[in-house]
Amino acid sequence: GATQAALEASAVPITAARYSRLAVLTHATAAAATVAISRRAAALPPPDLLAKAPLAPQQLREQAAVLYTPPPVKGTSTPDQIGLAEHLSRSGAKFYGAYWCGFCLKQRAMFGAGGSRRLPYVECAEGGYQADAALCEARRVTGYPSWE
């Protein structure tokens, strides 16, 4: 096959070691190409491409949407920070923000990780996780962060 033709075309004398090395390399290359082809054939397209397909079901289109979350707050919360966040939540306050808003992240960070999870946060940005743009519009929120 291809290994024999490569050996015959070479000007270097054929030795058993050289023949074995070429045979191993040829076999390994062919095996790697087969694996790469089979992996490509078995791979699914990314969800966003599937959702754009003309016959994609509505459920798939909805599942393929990418939703963004605000960056996580790091650091532990003090009991006072958690208590204030819970008080704000109980009192009906609302913290309107956007996942991309740096000032919103700074305000959430003032409560620490545990306190920020207890804040009455409303995501206003389209494409944000659990966004409630209708509520933000109804409350006439025009800048972030906003509190009510």
# chains A, B, ... in the order shown; residues from 1 in each chain; ligands from 1

call {"tool": "residues_around", "arguments": {"residues": "Ala98 in chain A", "least_positions_apart": "6", "cutoff": "9 Å", "atoms": "only C-alpha atoms", "output": "list in words"}}
result
Thr69, Pro70, Cys104, Val122, Glu123, Cys124, Ala125, Glu126, Gly128, Ala131, Tyr144 and Pro145 of chain A

call {"tool": "write_last_selection", "arguments": {"atoms": "all heavy atoms", "output": "compact mmCIF listing (two decimals), in the first residue's frame"}}
result
# COMPACT_ATOMS: atom_id res chain seq x y z
N THR A 69 -26.37 35.83 34.02
CA THR A 69 -26.58 36.09 35.44
C THR A 69 -25.56 37.12 35.90
O THR A 69 -24.48 37.23 35.33
CB THR A 69 -26.39 34.81 36.28
OG1 THR A 69 -25.07 34.32 36.07
CG2 THR A 69 -27.39 33.74 35.91
N PRO A 70 -25.91 37.88 36.93
CA PRO A 70 -24.92 38.82 37.45
C PRO A 70 -23.71 38.06 38.00
O PRO A 70 -23.84 36.91 38.42
CB PRO A 70 -25.66 39.52 38.60
CG PRO A 70 -27.10 39.25 38.37
CD PRO A 70 -27.18 37.95 37.62
N CYS A 104 -24.23 47.87 40.27
CA CYS A 104 -25.12 46.90 40.92
C CYS A 104 -24.28 45.85 41.65
O CYS A 104 -24.60 45.46 42.77
CB CYS A 104 -26.03 46.21 39.89
SG CYS A 104 -27.10 47.35 38.99
N VAL A 122 -34.35 42.37 41.24
CA VAL A 122 -35.14 42.22 40.02
C VAL A 122 -34.21 42.50 38.85
O VAL A 122 -33.64 43.58 38.74
CB VAL A 122 -36.34 43.21 40.00
CG1 VAL A 122 -37.12 43.06 38.69
CG2 VAL A 122 -37.23 42.99 41.20
N GLU A 123 -34.06 41.51 37.98
CA GLU A 123 -33.22 41.66 36.79
C GLU A 123 -34.02 42.40 35.72
O GLU A 123 -35.13 41.98 35.37
CB GLU A 123 -32.80 40.29 36.26
CG GLU A 123 -31.97 40.32 34.99
CD GLU A 123 -30.63 41.00 35.18
OE1 GLU A 123 -29.89 40.67 36.12
OE2 GLU A 123 -30.33 41.89 34.36
N CYS A 124 -33.48 43.50 35.24
CA CYS A 124 -34.19 44.33 34.26
C CYS A 124 -33.66 44.16 32.84
O CYS A 124 -34.34 44.53 31.88
CB CYS A 124 -34.10 45.80 34.66
SG CYS A 124 -34.99 46.19 36.18
N ALA A 125 -32.46 43.66 32.66
CA ALA A 125 -31.84 43.58 31.33
C ALA A 125 -32.42 42.42 30.54
O ALA A 125 -32.56 41.30 31.04
CB ALA A 125 -30.34 43.41 31.46
N GLU A 126 -32.75 42.71 29.29
CA GLU A 126 -33.18 41.65 28.38
C GLU A 126 -32.06 40.63 28.26
O GLU A 126 -30.90 41.00 28.17
CB GLU A 126 -33.51 42.21 27.00
CG GLU A 126 -34.74 43.07 26.96
CD GLU A 126 -36.03 42.28 27.15
OE1 GLU A 126 -36.08 41.09 26.78
OE2 GLU A 126 -36.98 42.87 27.69
N GLY A 128 -31.22 38.61 30.60
CA GLY A 128 -30.77 38.26 31.94
C GLY A 128 -31.62 37.13 32.50
O GLY A 128 -32.78 36.96 32.13
N ALA A 131 -35.30 37.63 33.95
CA ALA A 131 -35.53 39.06 33.72
C ALA A 131 -37.01 39.38 33.76
O ALA A 131 -37.85 38.61 33.29
CB ALA A 131 -34.94 39.47 32.37
N TYR A 144 -29.53 51.99 36.55
CA TYR A 144 -29.21 50.92 37.50
C TYR A 144 -28.03 51.33 38.36
O TYR A 144 -27.12 51.97 37.85
CB TYR A 144 -28.89 49.62 36.77
CG TYR A 144 -29.89 49.26 35.72
CD1 TYR A 144 -29.55 49.27 34.37
CD2 TYR A 144 -31.19 48.94 36.06
CE1 TYR A 144 -30.46 48.94 33.40
CE2 TYR A 144 -32.12 48.61 35.07
CZ TYR A 144 -31.74 48.62 33.75
OH TYR A 144 -32.67 48.30 32.80
N PRO A 145 -28.00 50.95 39.57
CA PRO A 145 -29.05 50.29 40.34
C PRO A 145 -30.14 51.29 40.77
O PRO A 145 -29.89 52.47 40.91
CB PRO A 145 -28.32 49.75 41.56
CG PRO A 145 -27.15 50.66 41.73
CD PRO A 145 -26.78 51.15 40.36

call {"tool": "atom_distance", "arguments": {"atom1": "CA of Gln81 in chain A", "atom2": "CA of Gln130 in chain A"}}
result
24.2 Å

call {"tool": "residues_around", "arguments": {"residues": "Gly102 in chain A", "least_positions_apart": "3", "cutoff": "12 Å", "atoms": "only C-alpha atoms", "output": "list in words"}}
result
Pro70, Pro71, Pro72, Val73, Gly97, Ala98, Tyr99, Leu105, Lys106, Gln107, Arg108, Ala109, Tyr144 and Pro145 of chain A

call {"tool": "write_last_selection", "arguments": {"atoms": "N, CA and C atoms", "output": "tab-separated table (two decimals), in the first residue's frame"}}
result
chain	number	residue	atom	x	y	z
A	70	PRO	N	-25.91	37.88	36.93
A	70	PRO	CA	-24.92	38.82	37.45
A	70	PRO	C	-23.71	38.06	38.00
A	71	PRO	N	-22.55	38.67	38.01
A	71	PRO	CA	-21.37	38.00	38.56
A	71	PRO	C	-21.61	37.65	40.03
A	72	PRO	N	-21.06	36.54	40.48
A	72	PRO	CA	-21.26	36.16	41.88
A	72	PRO	C	-20.52	37.10	42.83
A	73	VAL	N	-21.11	37.28	43.99
A	73	VAL	CA	-20.47	38.08	45.04
A	73	VAL	C	-19.63	37.13	45.87
A	97	GLY	N	-31.78	45.98	38.89
A	97	GLY	CA	-30.42	46.01	38.35
A	97	GLY	C	-30.32	45.28	37.03
A	98	ALA	N	-29.11	45.20	36.54
A	98	ALA	CA	-28.82	44.50	35.29
A	98	ALA	C	-27.55	43.68	35.49
A	99	TYR	N	-27.50	42.53	34.84
A	99	TYR	CA	-26.36	41.62	35.03
A	99	TYR	C	-25.04	42.25	34.64
A	105	LEU	N	-23.22	45.40	41.02
A	105	LEU	CA	-22.33	44.42	41.64
A	105	LEU	C	-21.71	45.00	42.91
A	106	LYS	N	-21.30	46.26	42.85
A	106	LYS	CA	-20.72	46.89	44.04
A	106	LYS	C	-21.74	46.97	45.18
A	107	GLN	N	-22.99	47.29	44.87
A	107	GLN	CA	-24.00	47.34	45.92
A	107	GLN	C	-24.29	45.95	46.48
A	108	ARG	N	-24.35	44.95	45.61
A	108	ARG	CA	-24.58	43.59	46.10
A	108	ARG	C	-23.41	43.13	46.96
A	109	ALA	N	-22.18	43.53	46.59
A	109	ALA	CA	-20.99	43.13	47.34
A	109	ALA	C	-21.00	43.72	48.75
A	144	TYR	N	-29.53	51.99	36.55
A	144	TYR	CA	-29.21	50.92	37.50
A	144	TYR	C	-28.03	51.33	38.36
A	145	PRO	N	-28.00	50.95	39.57
A	145	PRO	CA	-29.05	50.29	40.34
A	145	PRO	C	-30.14	51.29	40.77
